[in-house]
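The structure file upload_16.cif is reproduced below (mmCIF, C-alpha atoms).
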```
data_model
loop_
_atom_site.group_PDB
_atom_site.id
_atom_site.type_symbol
_atom_site.label_atom_id
_atom_site.label_comp_id
_atom_site.auth_asym_id
_atom_site.auth_seq_id
_atom_site.Cartn_x
_atom_site.Cartn_y
_atom_site.Cartn_z
ATOM 1 C CA MET H 259 49.301 95.060 -115.949
ATOM 2 C CA LYS H 260 52.562 95.634 -114.150
ATOM 3 C CA THR H 261 55.999 95.567 -115.759
ATOM 4 C CA VAL H 262 59.123 93.788 -114.521
ATOM 5 C CA ILE H 263 62.714 93.640 -115.782
ATOM 6 C CA VAL H 264 64.549 90.314 -115.375
ATOM 7 C CA THR H 265 68.331 90.292 -115.694
ATOM 8 C CA GLY H 266 69.953 87.126 -116.970
ATOM 9 C CA GLY H 267 66.452 86.184 -118.037
ATOM 10 C CA THR H 268 67.269 84.105 -121.087
ATOM 11 C CA PHE H 269 68.700 80.886 -119.634
ATOM 12 C CA GLY H 270 68.370 78.563 -116.637
ATOM 13 C CA ILE H 271 66.748 80.092 -113.559
ATOM 14 C CA GLY H 272 66.365 83.346 -115.468
ATOM 15 C CA ALA H 273 64.405 81.683 -118.262
ATOM 16 C CA GLY H 274 62.144 80.103 -115.652
ATOM 17 C CA LEU H 275 61.622 83.523 -114.071
ATOM 18 C CA THR H 276 60.792 85.098 -117.431
ATOM 19 C CA VAL H 277 58.236 82.465 -118.388
ATOM 20 C CA GLY H 278 56.816 82.121 -114.884
ATOM 21 C CA LEU H 279 56.309 85.853 -114.384
ATOM 22 C CA ALA H 280 54.743 86.207 -117.831
ATOM 23 C CA ARG H 281 52.343 83.399 -116.943
ATOM 24 C CA ALA H 282 51.568 85.196 -113.669
ATOM 25 C CA GLY H 283 50.380 88.202 -115.667
ATOM 26 C CA TRP H 284 53.452 90.438 -115.690
ATOM 27 C CA ARG H 285 54.710 92.323 -118.725
ATOM 28 C CA VAL H 286 58.290 91.049 -118.757
ATOM 29 C CA VAL H 287 61.391 92.626 -120.263
ATOM 30 C CA ALA H 288 64.190 90.064 -119.969
ATOM 31 C CA PHE H 289 67.773 90.364 -121.094
ATOM 32 C CA GLY H 290 70.986 88.387 -121.189
ATOM 33 C CA LEU H 291 73.972 87.643 -123.392
ATOM 34 C CA GLU H 292 73.814 85.257 -126.319
ATOM 35 C CA SER H 293 77.516 84.343 -126.066
ATOM 36 C CA ALA H 294 78.712 81.905 -123.401
ATOM 37 C CA GLN H 295 80.375 83.554 -120.397
ATOM 38 C CA VAL H 296 83.254 82.284 -118.286
ATOM 39 C CA SER H 297 82.538 78.853 -116.723
ATOM 40 C CA SER H 298 78.994 78.867 -118.127
ATOM 41 C CA THR H 299 77.284 77.009 -120.956
ATOM 42 C CA ALA H 300 74.472 79.571 -121.239
ATOM 43 C CA ARG H 301 74.301 80.811 -124.814
ATOM 44 C CA ASP H 302 71.783 81.483 -127.587
ATOM 45 C CA GLY H 303 69.012 81.545 -125.016
ATOM 46 C CA ILE H 304 66.658 84.072 -126.583
ATOM 47 C CA GLY H 305 65.310 81.671 -129.190
ATOM 48 C CA GLN H 306 64.813 78.943 -126.591
ATOM 49 C CA VAL H 307 62.940 81.235 -124.221
ATOM 50 C CA ARG H 308 60.807 82.583 -127.038
ATOM 51 C CA ALA H 309 59.770 79.026 -127.864
ATOM 52 C CA GLU H 310 58.926 78.353 -124.204
ATOM 53 C CA LEU H 311 56.847 81.523 -124.055
ATOM 54 C CA GLU H 312 54.944 80.566 -127.207
ATOM 55 C CA GLN H 313 54.271 77.105 -125.817
ATOM 56 C CA ALA H 314 52.906 78.685 -122.629
ATOM 57 C CA GLY H 315 50.754 81.097 -124.631
ATOM 58 C CA VAL H 316 52.412 84.208 -123.231
ATOM 59 C CA GLN H 317 54.949 86.754 -124.416
ATOM 60 C CA ALA H 318 57.863 88.855 -123.197
ATOM 61 C CA ASP H 319 60.374 91.311 -124.589
ATOM 62 C CA LEU H 320 63.740 89.547 -124.957
ATOM 63 C CA LEU H 321 66.856 91.688 -125.392
ATOM 64 C CA GLU H 322 70.588 91.090 -125.572
ATOM 65 C CA ALA H 323 72.459 93.252 -123.087
ATOM 66 C CA ASP H 324 75.329 93.037 -120.593
ATOM 67 C CA VAL H 325 74.268 93.728 -116.991
ATOM 68 C CA SER H 326 77.767 94.962 -116.116
ATOM 69 C CA ARG H 327 77.687 97.773 -118.714
ATOM 70 C CA ALA H 328 75.892 100.952 -117.653
ATOM 71 C CA GLU H 329 74.996 101.857 -121.229
ATOM 72 C CA ASP H 330 73.389 98.445 -121.808
ATOM 73 C CA VAL H 331 71.352 98.711 -118.612
ATOM 74 C CA ALA H 332 70.209 102.211 -119.569
ATOM 75 C CA ARG H 333 69.144 100.902 -122.994
ATOM 76 C CA VAL H 334 67.004 98.169 -121.403
ATOM 77 C CA VAL H 335 65.389 100.654 -119.020
ATOM 78 C CA ASP H 336 64.714 103.102 -121.862
ATOM 79 C CA HIS H 337 63.150 100.298 -123.914
ATOM 80 C CA THR H 338 60.916 99.336 -120.992
ATOM 81 C CA LEU H 339 59.741 102.879 -120.348
ATOM 82 C CA ASP H 340 59.212 103.642 -124.034
ATOM 83 C CA ARG H 341 57.165 100.478 -124.510
ATOM 84 C CA TYR H 342 55.261 100.234 -121.220
ATOM 85 C CA GLY H 343 55.620 103.608 -119.495
ATOM 86 C CA ARG H 344 56.496 102.245 -116.053
ATOM 87 C CA ILE H 345 58.712 99.819 -114.127
ATOM 88 C CA ASP H 346 57.047 98.048 -111.226
ATOM 89 C CA GLY H 347 59.541 95.267 -110.586
ATOM 90 C CA LEU H 348 63.163 94.274 -111.044
ATOM 91 C CA VAL H 349 64.580 90.776 -110.631
ATOM 92 C CA ASN H 350 68.370 90.790 -110.363
ATOM 93 C CA ASN H 351 69.202 87.262 -111.471
ATOM 94 C CA ALA H 352 72.232 87.617 -113.769
ATOM 95 C CA ALA H 353 75.357 86.013 -112.324
ATOM 96 C CA ILE H 354 78.462 84.046 -113.153
ATOM 97 C CA GLY H 355 80.028 81.525 -110.793
ATOM 98 C CA PRO H 356 83.507 80.267 -111.654
ATOM 99 C CA LEU H 357 84.947 77.959 -109.023
ATOM 100 C CA GLY H 358 88.245 78.618 -107.249
ATOM 101 C CA THR H 359 90.009 79.759 -104.113
ATOM 102 C CA ILE H 360 91.542 83.214 -103.919
ATOM 103 C CA LEU H 361 94.881 81.637 -104.863
ATOM 104 C CA ASP H 362 93.696 80.340 -108.231
ATOM 105 C CA THR H 363 91.311 83.209 -109.070
ATOM 106 C CA ASP H 364 93.243 85.813 -110.992
ATOM 107 C CA GLU H 365 92.504 89.508 -110.689
ATOM 108 C CA ALA H 366 90.706 89.805 -114.023
ATOM 109 C CA LEU H 367 88.349 86.947 -113.163
ATOM 110 C CA TRP H 368 87.685 88.366 -109.690
ATOM 111 C CA ASP H 369 86.811 91.724 -111.249
ATOM 112 C CA ARG H 370 84.482 90.102 -113.812
ATOM 113 C CA ILE H 371 82.596 88.146 -111.143
ATOM 114 C CA MET H 372 82.089 91.292 -109.081
ATOM 115 C CA ALA H 373 81.117 93.295 -112.165
ATOM 116 C CA VAL H 374 78.298 90.896 -113.071
ATOM 117 C CA ASN H 375 77.132 89.700 -109.659
ATOM 118 C CA LEU H 376 77.349 92.944 -107.677
ATOM 119 C CA LYS H 377 77.933 95.886 -109.977
ATOM 120 C CA GLY H 378 75.136 94.663 -112.245
ATOM 121 C CA VAL H 379 72.689 94.828 -109.348
ATOM 122 C CA TYR H 380 73.941 98.311 -108.459
ATOM 123 C CA LEU H 381 73.571 99.536 -112.048
ATOM 124 C CA CYS H 382 70.066 98.148 -112.486
ATOM 125 C CA ALA H 383 68.747 99.290 -109.117
ATOM 126 C CA ARG H 384 70.268 102.736 -109.553
ATOM 127 C CA GLN H 385 68.430 103.069 -112.880
ATOM 128 C CA VAL H 386 64.988 101.831 -111.817
ATOM 129 C CA ILE H 387 64.543 103.072 -108.229
ATOM 130 C CA PRO H 388 63.985 106.739 -109.201
ATOM 131 C CA TYR H 389 61.156 105.695 -111.540
ATOM 132 C CA MET H 390 59.658 103.400 -108.912
ATOM 133 C CA ALA H 391 59.779 106.166 -106.317
ATOM 134 C CA ARG H 392 58.070 108.668 -108.624
ATOM 135 C CA GLN H 393 55.245 106.278 -109.456
ATOM 136 C CA GLY H 394 54.602 105.470 -105.796
ATOM 137 C CA GLY H 395 56.674 102.330 -105.229
ATOM 138 C CA GLY H 396 57.960 99.073 -106.646
ATOM 139 C CA ALA H 397 59.648 95.814 -105.755
ATOM 140 C CA ILE H 398 63.132 94.417 -106.302
ATOM 141 C CA VAL H 399 64.020 90.746 -105.922
ATOM 142 C CA ASN H 400 67.680 89.712 -105.825
ATOM 143 C CA VAL H 401 68.626 86.098 -106.533
ATOM 144 C CA GLY H 402 71.322 85.110 -104.060
ATOM 145 C CA SER H 403 72.982 81.817 -103.188
ATOM 146 C CA GLY H 404 73.738 79.673 -100.179
ATOM 147 C CA ALA H 405 77.355 80.371 -101.135
ATOM 148 C CA GLY H 406 76.773 83.863 -99.763
ATOM 149 C CA TRP H 407 77.498 82.402 -96.320
ATOM 150 C CA GLY H 408 80.698 80.813 -97.630
ATOM 151 C CA LYS H 409 81.358 77.556 -99.472
ATOM 152 C CA PRO H 410 84.639 75.830 -100.344
ATOM 153 C CA ASN H 411 86.253 76.529 -103.701
ATOM 154 C CA MET H 412 83.885 79.429 -104.355
ATOM 155 C CA ALA H 413 85.825 82.361 -102.910
ATOM 156 C CA ALA H 414 84.934 85.099 -105.387
ATOM 157 C CA TYR H 415 81.420 83.834 -106.018
ATOM 158 C CA SER H 416 80.748 83.551 -102.272
ATOM 159 C CA ALA H 417 82.075 87.063 -101.716
ATOM 160 C CA SER H 418 79.788 88.436 -104.426
ATOM 161 C CA LYS H 419 76.691 86.646 -103.136
ATOM 162 C CA GLY H 420 77.427 87.573 -99.526
ATOM 163 C CA GLY H 421 77.750 91.150 -100.689
ATOM 164 C CA LEU H 422 74.407 90.831 -102.459
ATOM 165 C CA VAL H 423 72.642 89.870 -99.222
ATOM 166 C CA ALA H 424 74.119 92.912 -97.471
ATOM 167 C CA LEU H 425 73.372 95.184 -100.422
ATOM 168 C CA GLY H 426 69.774 94.024 -100.507
ATOM 169 C CA ALA H 427 69.322 94.778 -96.824
ATOM 170 C CA ALA H 428 70.921 98.214 -97.198
ATOM 171 C CA MET H 429 68.678 99.042 -100.156
ATOM 172 C CA ALA H 430 65.620 97.917 -98.197
ATOM 173 C CA TYR H 431 66.530 100.404 -95.445
ATOM 174 C CA ASP H 432 67.401 103.231 -97.821
ATOM 175 C CA HIS H 433 64.230 103.080 -99.906
ATOM 176 C CA PHE H 434 61.699 102.000 -97.276
ATOM 177 C CA HIS H 435 59.981 105.403 -97.229
ATOM 178 C CA GLN H 436 59.808 105.485 -101.028
ATOM 179 C CA HIS H 437 57.752 102.268 -100.889
ATOM 180 C CA VAL H 438 60.418 100.373 -102.822
ATOM 181 C CA ARG H 439 60.686 96.883 -101.380
ATOM 182 C CA VAL H 440 63.888 94.817 -101.692
ATOM 183 C CA ASN H 441 64.078 91.095 -100.910
ATOM 184 C CA THR H 442 66.456 88.223 -101.624
ATOM 185 C CA LEU H 443 65.701 84.681 -102.804
ATOM 186 C CA ILE H 444 68.097 81.830 -102.046
ATOM 187 C CA PRO H 445 67.796 78.713 -104.248
ATOM 188 C CA GLY H 446 68.873 75.412 -102.723
ATOM 189 C CA GLY H 447 68.409 71.688 -102.573
ATOM 190 C CA GLY H 448 70.506 70.840 -105.608
ATOM 191 C CA GLY H 449 69.406 69.996 -109.109
ATOM 192 C CA ILE H 450 68.715 73.380 -110.721
ATOM 193 C CA VAL H 451 70.023 73.198 -114.275
ATOM 194 C CA SER H 452 71.523 76.517 -115.346
ATOM 195 C CA GLY H 453 74.384 77.668 -117.516
ATOM 196 C CA MET H 454 76.444 78.187 -114.371
ATOM 197 C CA SER H 455 75.731 74.775 -112.864
ATOM 198 C CA LEU H 456 76.188 73.007 -116.200
ATOM 199 C CA GLY H 457 79.549 74.710 -116.560
ATOM 200 C CA ARG H 458 80.590 73.335 -113.176
ATOM 201 C CA MET H 459 79.466 69.823 -114.182
ATOM 202 C CA GLY H 460 81.242 69.686 -117.517
ATOM 203 C CA ALA H 461 77.914 70.268 -119.327
ATOM 204 C CA ASP H 462 76.649 66.840 -118.182
ATOM 205 C CA ALA H 463 73.012 67.400 -117.176
ATOM 206 C CA SER H 464 72.647 63.739 -116.159
ATOM 207 C CA ARG H 465 74.767 64.476 -113.065
ATOM 208 C CA PHE H 466 72.158 66.821 -111.610
ATOM 209 C CA GLY H 467 70.041 65.610 -108.750
ATOM 210 C CA ARG H 468 72.318 62.679 -107.900
ATOM 211 C CA ASN H 469 72.491 62.416 -104.109
ATOM 212 C CA ALA H 470 70.759 65.797 -103.858
ATOM 213 C CA VAL H 471 69.082 66.465 -100.524
ATOM 214 C CA GLY H 472 66.252 68.182 -102.365
ATOM 215 C CA SER H 473 63.617 70.330 -100.733
ATOM 216 C CA ALA H 474 60.812 69.821 -98.257
ATOM 217 C CA ALA H 475 58.693 68.924 -101.294
ATOM 218 C CA GLY H 476 60.724 65.736 -101.623
ATOM 219 C CA ARG H 477 62.467 66.837 -104.806
ATOM 220 C CA PRO H 478 65.118 69.317 -105.910
ATOM 221 C CA VAL H 479 64.127 72.904 -106.615
ATOM 222 C CA VAL H 480 63.379 73.836 -110.238
ATOM 223 C CA PRO H 481 63.261 77.281 -111.884
ATOM 224 C CA ALA H 482 59.457 77.328 -111.667
ATOM 225 C CA ASP H 483 59.780 77.265 -107.875
ATOM 226 C CA MET H 484 61.965 80.361 -108.022
ATOM 227 C CA ALA H 485 59.472 82.051 -110.346
ATOM 228 C CA ALA H 486 56.582 81.361 -107.957
ATOM 229 C CA ALA H 487 58.514 82.839 -105.025
ATOM 230 C CA ALA H 488 59.564 85.872 -107.065
ATOM 231 C CA ALA H 489 55.987 86.428 -108.250
ATOM 232 C CA PHE H 490 54.837 86.510 -104.628
ATOM 233 C CA LEU H 491 57.521 88.952 -103.494
ATOM 234 C CA LEU H 492 56.808 91.230 -106.453
ATOM 235 C CA SER H 493 53.047 91.163 -105.867
ATOM 236 C CA ASP H 494 50.803 93.328 -103.720
ATOM 237 C CA ALA H 495 50.327 90.276 -101.486
ATOM 238 C CA ALA H 496 53.859 91.007 -100.218
ATOM 239 C CA ALA H 497 53.259 94.740 -99.800
ATOM 240 C CA THR H 498 54.608 94.767 -96.226
ATOM 241 C CA ILE H 499 57.639 92.540 -96.861
ATOM 242 C CA SER H 500 61.046 94.124 -97.385
ATOM 243 C CA GLY H 501 64.592 93.359 -96.292
ATOM 244 C CA THR H 502 63.962 89.639 -95.969
ATOM 245 C CA VAL H 503 65.852 86.581 -97.200
ATOM 246 C CA LEU H 504 63.521 83.854 -98.432
ATOM 247 C CA ASP H 505 64.868 80.334 -98.752
ATOM 248 C CA VAL H 506 63.592 78.325 -101.718
ATOM 249 C CA GLY H 507 65.262 75.008 -101.015
ATOM 250 C CA CYS H 508 66.880 73.552 -97.933
ATOM 251 C CA PHE H 509 67.988 76.197 -95.450
ATOM 252 C CA ALA H 510 70.977 77.248 -97.563
ATOM 253 C CA HIS H 511 70.891 80.633 -95.798
ATOM 254 C CA GLN H 512 71.286 78.992 -92.410
ATOM 255 C CA GLY H 513 74.446 77.016 -93.029
ATOM 256 C CA GLY H 514 72.744 74.081 -94.841
ATOM 257 C CA PRO H 515 72.354 71.803 -96.562
ATOM 258 C CA VAL H 516 70.149 69.483 -94.584
ATOM 259 C CA PRO H 517 72.045 66.248 -93.812
ATOM 260 C CA PRO H 518 71.043 63.107 -95.741
ATOM 261 C CA ARG H 519 68.356 60.881 -94.273
ATOM 262 C CA PRO H 520 69.904 58.155 -92.066
#
```
Rewrite the structure of this file - the entire thing - as structure tokens.
Amino acid sequence: MKTVIVTGGTFGIGAGLTVGLARAGWRVVAFGLESAQVSSTARDGIGQVRAELEQAGVQADLLEADVSRAEDVARVVDHTLDRYGRIDGLVNNAAIGPLGTILDTDEALWDRIMAVNLKGVYLCARQVIPYMARQGGGAIVNVGSGAGWGKPNMAAYSASKGGLVALGAAMAYDHFHQHVRVNTLIPGGGGIVSGMSLGRMGADASRFGRNAVGSAAGRPVVPADMAAAAAFLLSDAAATISGTVLDVGCFAHQGGPVPPRP
């Protein structure tokens, strides 16, 4: 069995990734924070994910750690290597997404968004790529956002997610000959319930999906859709794929969303 680390893997999309990858046969080490972060309702997720895993008849290692702290990331990597002896995959999902223009985003908040959404990816990739290279290769999947091409009232978040797309492409170039593949997933279509999206909606889950364009499937995207796409990109079936941006929604990476049906 192969081993994957999932950041922000204890709530929302991350929880779906943890459960979905475990069901796909991966040994999963997932981590997140149990306390709610700025503009997010995600908290106390480990117990919830553990219950979901038990219901699905699978298991995963669930840890509390802060993706923006180098010592926390090193602890997760050490745990993974001590327990499983290898790291085959990394899913960089952890993110925070406070709303605001540059005029109403203070410096401390800007720095925190960048620390989680970009520095966290840097810290995790920097830790795992040497191990992947030594064992003959591996795969990294970054979870981006349609905001990475710019959206109103999301200045800092858009900047971080745009940076993530560029960082993913640069990493794909840099580690091509080490057989370390790096790809980016873009969720879209509206309706994904996460701590971030709940925080933006005043914690009112009933508001999700209203007037959502949805996906080509005729419904909004759900975390299981993201897990299925991540499982493919991490698998040997995607052995030749690196440096790509895969849309899981409604063309959010091409300036979407799709206009409503007339």
Give me the residues within 12 Å of Ala373 of chain H as a PDB file with C-alpha atoms, in the frame of the given file, counting only C-alpha atoms and dropping any in the same chain fewer than 6 places off.
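Okay, part_10.pdb is ready:
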```pdb
ATOM      1  CA  ASP H 324      75.329  93.037-120.593  1.00  0.00           C
ATOM      2  CA  VAL H 325      74.268  93.728-116.991  1.00  0.00           C
ATOM      3  CA  SER H 326      77.767  94.962-116.116  1.00  0.00           C
ATOM      4  CA  ARG H 327      77.687  97.773-118.714  1.00  0.00           C
ATOM      5  CA  ALA H 328      75.892 100.952-117.653  1.00  0.00           C
ATOM      6  CA  ALA H 352      72.232  87.617-113.769  1.00  0.00           C
ATOM      7  CA  ALA H 353      75.357  86.013-112.324  1.00  0.00           C
ATOM      8  CA  ILE H 354      78.462  84.046-113.153  1.00  0.00           C
ATOM      9  CA  GLY H 355      80.028  81.525-110.793  1.00  0.00           C
ATOM     10  CA  ALA H 366      90.706  89.805-114.023  1.00  0.00           C
ATOM     11  CA  LEU H 367      88.349  86.947-113.163  1.00  0.00           C
ATOM     12  CA  VAL H 379      72.689  94.828-109.348  1.00  0.00           C
ATOM     13  CA  TYR H 380      73.941  98.311-108.459  1.00  0.00           C
ATOM     14  CA  LEU H 381      73.571  99.536-112.048  1.00  0.00           C
ATOM     15  CA  ALA H 414      84.934  85.099-105.387  1.00  0.00           C
ATOM     16  CA  TYR H 415      81.420  83.834-106.018  1.00  0.00           C
ATOM     17  CA  SER H 418      79.788  88.436-104.426  1.00  0.00           C
TER      18      SER H 418
END
```
* **d(atom CA of Ala397 of chain H, atom CA of Asn350 of chain H) in Å** =>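 Taking atom CA of Ala397 of chain H as the start and atom CA of Asn350 of chain H as the end point, the length is 11.1 Å.
Put simply, atom CA of Leu492 of chain H is 20.7 Å away from atom CA of Lys419 of chain H.
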For a cutoff of 6 Å around the file-coordinate point (84.8, 77.9, -112.8), which residues qualify once you count all atoms listed in the file? I'd like the result as a compact mmCIF listing (two decimals) with C-alpha atoms, in the coordinates of the input.
```txt
# COMPACT_ATOMS: atom_id res chain seq x y z
CA SER H 297 82.54 78.85 -116.72
CA PRO H 356 83.51 80.27 -111.65
CA LEU H 357 84.95 77.96 -109.02
```
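When atom CA of Val349 of chain H is paired with atom CA of Ile263 of chain H, their separation reads 6.2 Å.
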* Once the PyMOL selection byres ((chain H and resi 305-310) around 10) has been applied to the shown file, what residues remain in the selection, as a PyMOL selection string? -> chain H and resi 267-270+272-274+276-277+288+292+301-304+311-320
* the PyMOL selection byres ((chain H and resi 385) around 10) on the file shown: which residues, as a VMD selection string? -> chain H and resid 328 331 to 332 334 to 336 379 to 384 386 to 390
* Asked: Could you pull the residues within 9 Å of Gly406 of chain H, counting all atoms listed in the file, minus those fewer than 2 positions along the same chain, as a PyMOL selection string?
  -> chain H and resi 402-404+408-409+415-423+511
* **Selected residue, from H:Glu322, H:Val399, H:Gly358, H:Leu376, that lies nearest to Met484 of chain H when counting all atoms listed in the file** => H:Val399
